[in-house]
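Below you'll find the structure, written out as structure tokens, and then a few comments.
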2 protein chains.
Amino acid sequence: MQLLEENYSKNMKTQFEKKELKKKSENLSDWYTDVILKAELADYGPVRGTMVIRPYGYAIWELVHDIIDPWFKKGGVKNAYFPMFIPHSLLKKEASHVEGFSPELALVTIGGGEQLKEPLVVRPTSEAIMYDMYSKWIQSWRDLPVKINQWNNVVRWEKRTYLFLRTLEFLWQEGHTAHTSYEEAQQMTMDALEWYRKIYEEYYAIPVVVGVKSDSERFAGADSTYTVEALMPDGKALQGATSHNLGQNFAKAFDINYQDKEGKSALVWQTSWGLSTRSLGGLFLTHGDDNGLILPPKISPVQVVIVPIFLEDHILDYCQEVEKALTDAGVRVELDIRDGMTAGRKFNDWEVKGVPVRLEIGGKEMEEKVVTSARRDTGEKAKVNLSTLKDDMAKTLEEIQSNLYQKAKKYQQDNTYEVNSYDEFKKIMETSRGFIKAYWCENADCETKIKEETKASTRAKELDQKESQSKCIYCNKEAKYIWYFAQAY
Amino acid sequence: MQLLEENYSKNMKTQFEKKELKKKSENLSDWYTDVILKAELADYGPVRGTMVIRPYGYAIWELVHDIIDPWFKKGGVKNAYFPMFIPHSLLKKEASHVEGFSPELALVTIGGGEQLKEPLVVRPTSEAIMYDMYSKWIQSWRDLPVKINQWNNVVRWEKRTYLFLRTLEFLWQEGHTAHTSYEEAQQMTMDALEWYRKIYEEYYAIPVVVGVKSDSERFAGADSTYTVEALMPDGKALQGATSHNLGQNFAKAFDINYQDKEGKSALVWQTSWGLSTRSLGGLFLTHGDDNGLILPPKISPVQVVIVPIFLEDHILDYCQEVEKALTDAGVRVELDIRDGMTAGRKFNDWEVKGVPVRLEIGGKEMEEKVVTSARRDTGEKAKVNLSTLKDDMAKTLEEIQSNLYQKAKKYQQDNTYEVNSYDEFKKIMETSRGFIKAYWCENADCETKIKEETKASTRAKELDQKESQSKCIYCNKEAKYIWYFAQAY
């Protein structure tokens, strides 16, 4: 993919509009950049690697919030807000944590016209500042568990950046909890992981592999990192979201101790977990075709768009009648009355934007009290009576949601390979790519060599996998578990 | 008030908890800091002037979002997200804008371990970066109006900082619109101002003076700035929220031109408007007493708290019955089953937190199928039958909301003085302070001298005020309008 800055120019968007949409079937990454700009999901910011999330793209992120935030609250998690500026000294408290993030930090060195004594880190994540506060707030077992989440912006100074998938600044939620036992922390880690699986599979319509990360892929400072991994159309894997059992590493580093019921001093057990706007990049890559995006209805800001063939009053009156019927039925509907734009141009525009269903309404439809509906995923057209519209639309939107998931699921299955020799492994990585399931001895050297030779890194080991006696795909030494390998985004 | 950093210490909060709550009647600013910490609305961040908004305080900001964001959307405003980092050169494009913000900027000079060629400004507000994008997006009259809002964090390097009222980083919403005519922009400016008046008066229960700012108090880069001004209990005024008609100043600076219906090139007319977490400081200052906060029900995360006198199963069952009845009625209710804490301690705790209604439930209440309710604002206690609880609570919450507004309104009226001599003016500022209504010639010299001599600055000129022939309170020269003066927060 191209770097963001190569594309930043005042007239870029207009240039793009003059051109045809690039073909997904020909070049995925060109299509991806092109469709994000043309659908007005996002645009390039003036600073290298930054991105503006435009209203259409942000409306999707608002839906993500409105879907997952109630799950958090039901789980006893409360939202809060912590400062963005972290003293560099605080970040250093957890050794492996600072080591992991140091190369990516943005530093504020001047404030109010004066050089600062200590540079301030713009948060790459909030463990350090949150746990510094936790150590102050948590005094007794009565104060536990603490379950706090925040919706905020974070900054990571990435070298190569792509729209949504990797930007210097991105939006996310980060949950941070503290508990009295390892078991409770582990349960929390798993609950968060399940929230992420659910939003990917049931809302994004993207099947995921749910598992644990290898030591080398683990979050800086965690005991264990769990992940949902999605396979993209180019055979590369996207780390969808992660949930970390932090053990007592940060509790020790930040001295988060409390008086337990017996009056003894104890350290808390912690977790952290996050889902970011990066996940939207996976959403856009997964669905869609040469005509543009295809958004799963559950996560689509506009589920049904009504396009009048002519902007005549009597037709518009009928369109509004249809609009009201759907709005009352709880459908997210938009009536496109833009002036100075042909119906055909509007069809094309909403196709690029991936709206699941388009309703075409002309004089004929009005007289017959019907609408002509067109499905974005299959292109199927049908005449629907106004009297049955409500139920028909509900059914159609469900069908589209499940059709998109089934297609993605089939792609994932067709591109997941269980291999028994390293030659097979290499051949797949040289050709189609995809998820490769192979036994690995869990020795970091093999992992490193495989990545060097094939670009494939370990993505996850599925949970509840039975131990077996086998051989490492690389070194042939004893291996107990099958791991998923893939080239990562 | 004390500077934040003077109070930041690891054990400060515990110290505070050991002490009695400071008295509002004795020292407002000490009470303010104390109650914010004890009610766990916020805490001091590790960096001077930064603040952590704790779950209880953040829940109020979430309510503000959930109240006002639908008003924005109904008004055709869409949310988006723009990068936090602004190239210094962009900020410089609008001369008076950069001049106004330069002293308060935080600059990122190092990214990914390297010195940046151009320092990046951490947004103090987003006009510069948003309008740079607008100039790219807006090409034709068909693209207008553009109405975009964002909920985000901004940074202003303040010398003196107070919890909520002035912090280095704060949360807000900033709306930015572009229109084809001055009239349309002016209408938008007024619509936003009305949203702010409404949330202050009908939700915060704080009466406000609605008016226009003087030239010297105007937003850097605006043609005119409109404001809602609230009088605090110490006789100082808080600028509650502002709405700006930007005219074409930024349109010229950022070259935001478009092709109009006649095919001619034209400049857009713009507005910007914002409400921040600073407003919550006004909310906490206005209501409350020596026992702690008093939150207006409409903006209170917990409207009714249920406190069981004993944590016995049969009592808890009854409490849950009561909880369910209220939850089903749409009341935000919390059942306090915290272990190892006496009912009396809980009463005190919820009083400090300002929860409008407390329900006490013991064996007697259970047997009689009643609850004992206590109003936070008046302290009145009453026995309420479970059968009439739903309606009774709805009524009580309405009464509390309007009682708090009436009290604040009376205070505002009692402390607003129409003066005819500068001696009167000075005497009031030396004693009680408050809103002073006086004729002013609108010459900046008089304004400056009055501020130097009395600390009172012009706050606003009420809208739709009839022009009259009078004399300036300071220079005695001709003055057409009455202005509100007060010492500002």
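A note on labels: chains of the structure tokens are A, B, ... as shown, every chain counts residues from 1, and ligands are counted from 1 in their shown order.
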Produce a table with one row for each residue of chain A that has an atom at most 8 Å from any atom of chain B, each row naming the nearest atom pair and its distance in Å at one decimal; use only C-alpha atoms; arrange rows by chain and rising residue number; format as JSON lines.
{"residue": "A:Lys10", "atom": "CA", "partner": "B:Lys136", "partner_atom": "CA", "distance": 5.6}
{"residue": "A:Asn11", "atom": "CA", "partner": "B:Lys136", "partner_atom": "CA", "distance": 6.5}
{"residue": "A:Lys13", "atom": "CA", "partner": "B:Trp137", "partner_atom": "CA", "distance": 7.7}
{"residue": "A:Gly45", "atom": "CA", "partner": "B:Pro83", "partner_atom": "CA", "distance": 6.7}
{"residue": "A:Pro46", "atom": "CA", "partner": "B:Pro87", "partner_atom": "CA", "distance": 7.4}
{"residue": "A:Val47", "atom": "CA", "partner": "B:Pro87", "partner_atom": "CA", "distance": 6.7}
{"residue": "A:Thr50", "atom": "CA", "partner": "B:Pro83", "partner_atom": "CA", "distance": 6.3}
{"residue": "A:Met51", "atom": "CA", "partner": "B:Pro83", "partner_atom": "CA", "distance": 6.4}
{"residue": "A:Val52", "atom": "CA", "partner": "B:Phe82", "partner_atom": "CA", "distance": 4.7}
{"residue": "A:Ile53", "atom": "CA", "partner": "B:Tyr81", "partner_atom": "CA", "distance": 5.0}
{"residue": "A:Arg54", "atom": "CA", "partner": "B:Ala80", "partner_atom": "CA", "distance": 5.2}
{"residue": "A:Pro55", "atom": "CA", "partner": "B:Ala80", "partner_atom": "CA", "distance": 4.6}
{"residue": "A:Gly57", "atom": "CA", "partner": "B:Ala80", "partner_atom": "CA", "distance": 7.8}
{"residue": "A:Tyr58", "atom": "CA", "partner": "B:Ala80", "partner_atom": "CA", "distance": 5.3}
{"residue": "A:Ala59", "atom": "CA", "partner": "B:Asn79", "partner_atom": "CA", "distance": 7.2}
{"residue": "A:Lys78", "atom": "CA", "partner": "B:Pro55", "partner_atom": "CA", "distance": 5.9}
{"residue": "A:Asn79", "atom": "CA", "partner": "B:Pro55", "partner_atom": "CA", "distance": 5.6}
{"residue": "A:Ala80", "atom": "CA", "partner": "B:Pro55", "partner_atom": "CA", "distance": 4.6}
{"residue": "A:Tyr81", "atom": "CA", "partner": "B:Ile53", "partner_atom": "CA", "distance": 5.0}
{"residue": "A:Phe82", "atom": "CA", "partner": "B:Val52", "partner_atom": "CA", "distance": 4.7}
{"residue": "A:Pro83", "atom": "CA", "partner": "B:Val52", "partner_atom": "CA", "distance": 6.1}
{"residue": "A:Met84", "atom": "CA", "partner": "B:Glu169", "partner_atom": "CA", "distance": 7.8}
{"residue": "A:Phe85", "atom": "CA", "partner": "B:Val47", "partner_atom": "CA", "distance": 7.2}
{"residue": "A:Ile86", "atom": "CA", "partner": "B:Val47", "partner_atom": "CA", "distance": 7.1}
{"residue": "A:Pro87", "atom": "CA", "partner": "B:Val47", "partner_atom": "CA", "distance": 6.7}
{"residue": "A:Ser102", "atom": "CA", "partner": "B:Gly112", "partner_atom": "CA", "distance": 7.7}
{"residue": "A:Pro103", "atom": "CA", "partner": "B:Gly112", "partner_atom": "CA", "distance": 5.3}
{"residue": "A:Glu104", "atom": "CA", "partner": "B:Gly112", "partner_atom": "CA", "distance": 4.7}
{"residue": "A:Leu105", "atom": "CA", "partner": "B:Gly112", "partner_atom": "CA", "distance": 5.3}
{"residue": "A:Ala106", "atom": "CA", "partner": "B:Gly111", "partner_atom": "CA", "distance": 4.4}
{"residue": "A:Leu107", "atom": "CA", "partner": "B:Ile110", "partner_atom": "CA", "distance": 5.2}
{"residue": "A:Val108", "atom": "CA", "partner": "B:Val108", "partner_atom": "CA", "distance": 4.2}
{"residue": "A:Thr109", "atom": "CA", "partner": "B:Val108", "partner_atom": "CA", "distance": 6.3}
{"residue": "A:Ile110", "atom": "CA", "partner": "B:Leu107", "partner_atom": "CA", "distance": 5.2}
{"residue": "A:Gly111", "atom": "CA", "partner": "B:Ala106", "partner_atom": "CA", "distance": 4.4}
{"residue": "A:Gly112", "atom": "CA", "partner": "B:Glu104", "partner_atom": "CA", "distance": 4.7}
{"residue": "A:Gly113", "atom": "CA", "partner": "B:Pro103", "partner_atom": "CA", "distance": 6.2}
{"residue": "A:Ile129", "atom": "CA", "partner": "B:Pro46", "partner_atom": "CA", "distance": 7.8}
{"residue": "A:Met133", "atom": "CA", "partner": "B:Gly45", "partner_atom": "CA", "distance": 8.0}
{"residue": "A:Lys136", "atom": "CA", "partner": "B:Lys10", "partner_atom": "CA", "distance": 5.8}
{"residue": "A:Trp137", "atom": "CA", "partner": "B:Lys13", "partner_atom": "CA", "distance": 7.8}
{"residue": "A:Arg142", "atom": "CA", "partner": "B:Asp339", "partner_atom": "CA", "distance": 7.5}
{"residue": "A:Ile148", "atom": "CA", "partner": "B:Pro55", "partner_atom": "CA", "distance": 7.6}
{"residue": "A:Trp157", "atom": "CA", "partner": "B:Gly112", "partner_atom": "CA", "distance": 5.2}
{"residue": "A:Glu158", "atom": "CA", "partner": "B:Gly112", "partner_atom": "CA", "distance": 7.5}
{"residue": "A:Glu169", "atom": "CA", "partner": "B:Pro83", "partner_atom": "CA", "distance": 7.1}
{"residue": "A:Arg338", "atom": "CA", "partner": "B:Arg142", "partner_atom": "CA", "distance": 7.9}
{"residue": "A:Asp339", "atom": "CA", "partner": "B:Arg142", "partner_atom": "CA", "distance": 7.5}
{"residue": "A:Gly340", "atom": "CA", "partner": "B:Arg142", "partner_atom": "CA", "distance": 7.9}
Just the strand (DSSP E or B) stuff from segment 119-226 of chain B, please, per backbone DSSP, written as a PyMOL selection string. chain B and resi 119-122+140+146-155+162+166+169-179+209-212+224-226
Identify, on the basis of only C-alpha atoms, every residue whose closest approach to segment 342-355 of chain B does not exceed 9 Å; exclude the query and any residue fewer than 3 positions from it along the same chain; express the result as a ChimeraX atom specification. /B:21,35-36,38-41,56,288,290-297,300-305,307-310,336,338-339,358,360,375-377
Residue subset to file, keeping C-alpha atoms, as a compact mmCIF listing (two decimals), in the first residue's frame:
# COMPACT_ATOMS: atom_id res chain seq x y z
CA LEU B 21 -15.71 17.96 54.34
CA VAL B 35 -15.98 18.02 47.38
CA ILE B 36 -14.71 17.18 43.89
CA LYS B 38 -14.34 13.34 48.06
CA ALA B 39 -17.26 12.79 45.67
CA GLU B 40 -14.72 11.12 43.36
CA LEU B 41 -15.68 13.32 40.44
CA TYR B 56 -18.71 9.40 38.64
CA GLY B 288 -24.45 21.95 46.79
CA ASP B 290 -21.91 22.13 53.49
CA ASN B 291 -22.83 18.46 53.19
CA GLY B 292 -21.56 18.16 49.62
CA LEU B 293 -22.81 18.31 46.06
CA ILE B 294 -26.43 18.60 45.00
CA LEU B 295 -26.95 17.34 41.44
CA PRO B 296 -30.03 18.33 39.42
CA PRO B 297 -31.89 15.07 38.68
CA SER B 300 -27.40 13.13 37.82
CA PRO B 301 -25.94 9.69 36.97
CA VAL B 302 -27.76 8.30 39.98
CA GLN B 303 -31.16 9.90 40.59
CA VAL B 304 -32.25 7.66 43.43
CA VAL B 305 -30.02 5.62 45.72
CA VAL B 307 -29.66 2.15 51.11
CA PRO B 308 -30.64 -0.99 53.07
CA ILE B 309 -30.33 -0.37 56.82
CA PHE B 310 -29.11 -3.94 57.26
CA ASP B 336 -25.91 0.27 47.64
CA ARG B 338 -21.42 -2.39 49.78
CA ASP B 339 -20.20 -4.66 52.55
CA ARG B 358 -32.13 8.60 49.02
CA GLU B 360 -33.84 4.13 53.34
CA ARG B 375 -34.58 14.75 49.52
CA ARG B 376 -31.00 15.92 49.12
CA ASP B 377 -31.96 19.55 48.42
Can you tell me, as a ChimeraX atom specification, what residues are no more than 9 Å from Ala128 of chain A when counting only C-alpha atoms, ignoring any on the same chain fewer than 5 positions away? /A:86,90-94,97,133,250,254
Using all heavy atoms, can you write the selected residues to a file as a tab-separated table (two decimals), in the first residue's frame?
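Written file, again-v4.tsv:
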chain	number	residue	atom	x	y	z
A	86	ILE	N	1.78	11.87	29.64
A	86	ILE	CA	2.36	10.99	30.67
A	86	ILE	C	3.82	11.37	30.89
A	86	ILE	O	4.58	11.44	29.93
A	86	ILE	CB	2.28	9.52	30.22
A	86	ILE	CG1	0.83	9.15	29.84
A	86	ILE	CG2	2.81	8.59	31.30
A	86	ILE	CD1	0.69	7.75	29.29
A	90	LEU	N	7.16	7.95	34.41
A	90	LEU	CA	6.10	6.99	34.75
A	90	LEU	C	6.12	5.79	33.80
A	90	LEU	O	5.99	4.65	34.21
A	90	LEU	CB	4.72	7.64	34.66
A	90	LEU	CG	4.04	8.15	35.92
A	90	LEU	CD1	2.58	8.48	35.62
A	90	LEU	CD2	4.12	7.13	37.05
A	91	LEU	N	6.33	6.11	32.53
A	91	LEU	CA	6.32	5.05	31.51
A	91	LEU	C	7.45	4.05	31.78
A	91	LEU	O	7.33	2.87	31.50
A	91	LEU	CB	6.49	5.68	30.12
A	91	LEU	CG	5.93	4.89	28.94
A	91	LEU	CD1	4.41	4.89	29.00
A	91	LEU	CD2	6.38	5.52	27.62
A	92	LYS	N	8.53	4.57	32.36
A	92	LYS	CA	9.71	3.72	32.57
A	92	LYS	C	9.53	2.72	33.70
A	92	LYS	O	10.34	1.79	33.85
A	92	LYS	CB	10.93	4.61	32.88
A	92	LYS	CG	11.41	5.47	31.71
A	92	LYS	CD	12.86	5.90	31.90
A	92	LYS	CE	13.28	6.98	30.91
A	92	LYS	NZ	13.44	8.30	31.53
A	93	LYS	N	8.48	2.89	34.50
A	93	LYS	CA	8.34	2.04	35.68
A	93	LYS	C	8.25	0.56	35.35
A	93	LYS	O	8.75	-0.28	36.08
A	93	LYS	CB	7.12	2.46	36.53
A	93	LYS	CG	7.38	3.71	37.37
A	93	LYS	CD	6.27	3.90	38.39
A	93	LYS	CE	6.64	4.96	39.42
A	93	LYS	NZ	5.64	5.03	40.52
A	94	GLU	N	7.55	0.22	34.27
A	94	GLU	CA	7.45	-1.20	33.89
A	94	GLU	C	8.43	-1.41	32.72
A	94	GLU	O	8.19	-0.96	31.60
A	94	GLU	CB	6.01	-1.55	33.50
A	94	GLU	CG	5.60	-2.98	33.86
A	94	GLU	CD	6.29	-4.05	33.02
A	94	GLU	OE1	6.63	-3.74	31.86
A	94	GLU	OE2	6.47	-5.16	33.50
A	97	HIS	N	7.46	-2.79	29.31
A	97	HIS	CA	6.43	-1.92	28.74
A	97	HIS	C	7.09	-0.75	28.01
A	97	HIS	O	6.82	-0.51	26.84
A	97	HIS	CB	5.52	-1.42	29.86
A	97	HIS	CG	4.35	-0.61	29.39
A	97	HIS	ND1	3.37	-1.13	28.57
A	97	HIS	CD2	4.00	0.68	29.62
A	97	HIS	CE1	2.46	-0.19	28.32
A	97	HIS	NE2	2.82	0.91	28.95
A	133	MET	N	-2.59	6.04	39.14
A	133	MET	CA	-3.77	6.47	39.89
A	133	MET	C	-4.36	5.30	40.69
A	133	MET	O	-4.77	5.47	41.83
A	133	MET	CB	-4.83	7.05	38.95
A	133	MET	CG	-4.41	8.23	38.09
A	133	MET	SD	-3.66	9.61	39.01
A	133	MET	CE	-5.05	10.16	39.99
A	250	PHE	N	2.41	-5.07	36.45
A	250	PHE	CA	2.22	-3.63	36.68
A	250	PHE	C	1.94	-3.34	38.15
A	250	PHE	O	2.34	-2.32	38.67
A	250	PHE	CB	1.11	-3.09	35.78
A	250	PHE	CG	1.49	-2.96	34.34
A	250	PHE	CD1	1.24	-4.01	33.45
A	250	PHE	CD2	2.10	-1.82	33.85
A	250	PHE	CE1	1.60	-3.91	32.11
A	250	PHE	CE2	2.45	-1.70	32.51
A	250	PHE	CZ	2.20	-2.75	31.64
A	254	PHE	N	3.98	-0.52	39.83
A	254	PHE	CA	3.30	0.70	40.28
A	254	PHE	C	2.82	0.58	41.73
A	254	PHE	O	2.10	1.43	42.22
A	254	PHE	CB	2.13	1.02	39.34
A	254	PHE	CG	2.58	1.53	38.01
A	254	PHE	CD1	2.87	0.66	36.97
A	254	PHE	CD2	2.76	2.89	37.80
A	254	PHE	CE1	3.31	1.13	35.74
A	254	PHE	CE2	3.19	3.38	36.58
A	254	PHE	CZ	3.47	2.50	35.54
Excluding Gly211 of chain A and its own-chain neighbours fewer than 6 positions away, which residues fall within 8 Å of it when counting only C-alpha atoms? Please give them as a count of residues only. 7
For Gly263 of chain B, please output as a list of chain:residue names all residues within 12 Å (counting only C-alpha atoms; exclusion window: fewer than 2 positions along the same chain).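 Contacts, with the query itself left out: B:Gln139, B:Ser140, B:Trp141, B:Arg142, B:Asn257, B:Tyr258, B:Gln259, B:Asp260, B:Lys261, B:Ser265, B:Ala266.
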Atom pair atom CA of Phe435 of chain A / atom CA of Met188 of chain A: separation (Å):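 Interatomic distance here is 28.0 Å.
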Which neighbours of segment 409-414 of chain B fall inside 7 Å, counting only C-alpha atoms, when residues of the same chain fewer than 4 positions from it are skipped, and could you give them as number ranges by chain? B: 207, 231, 405
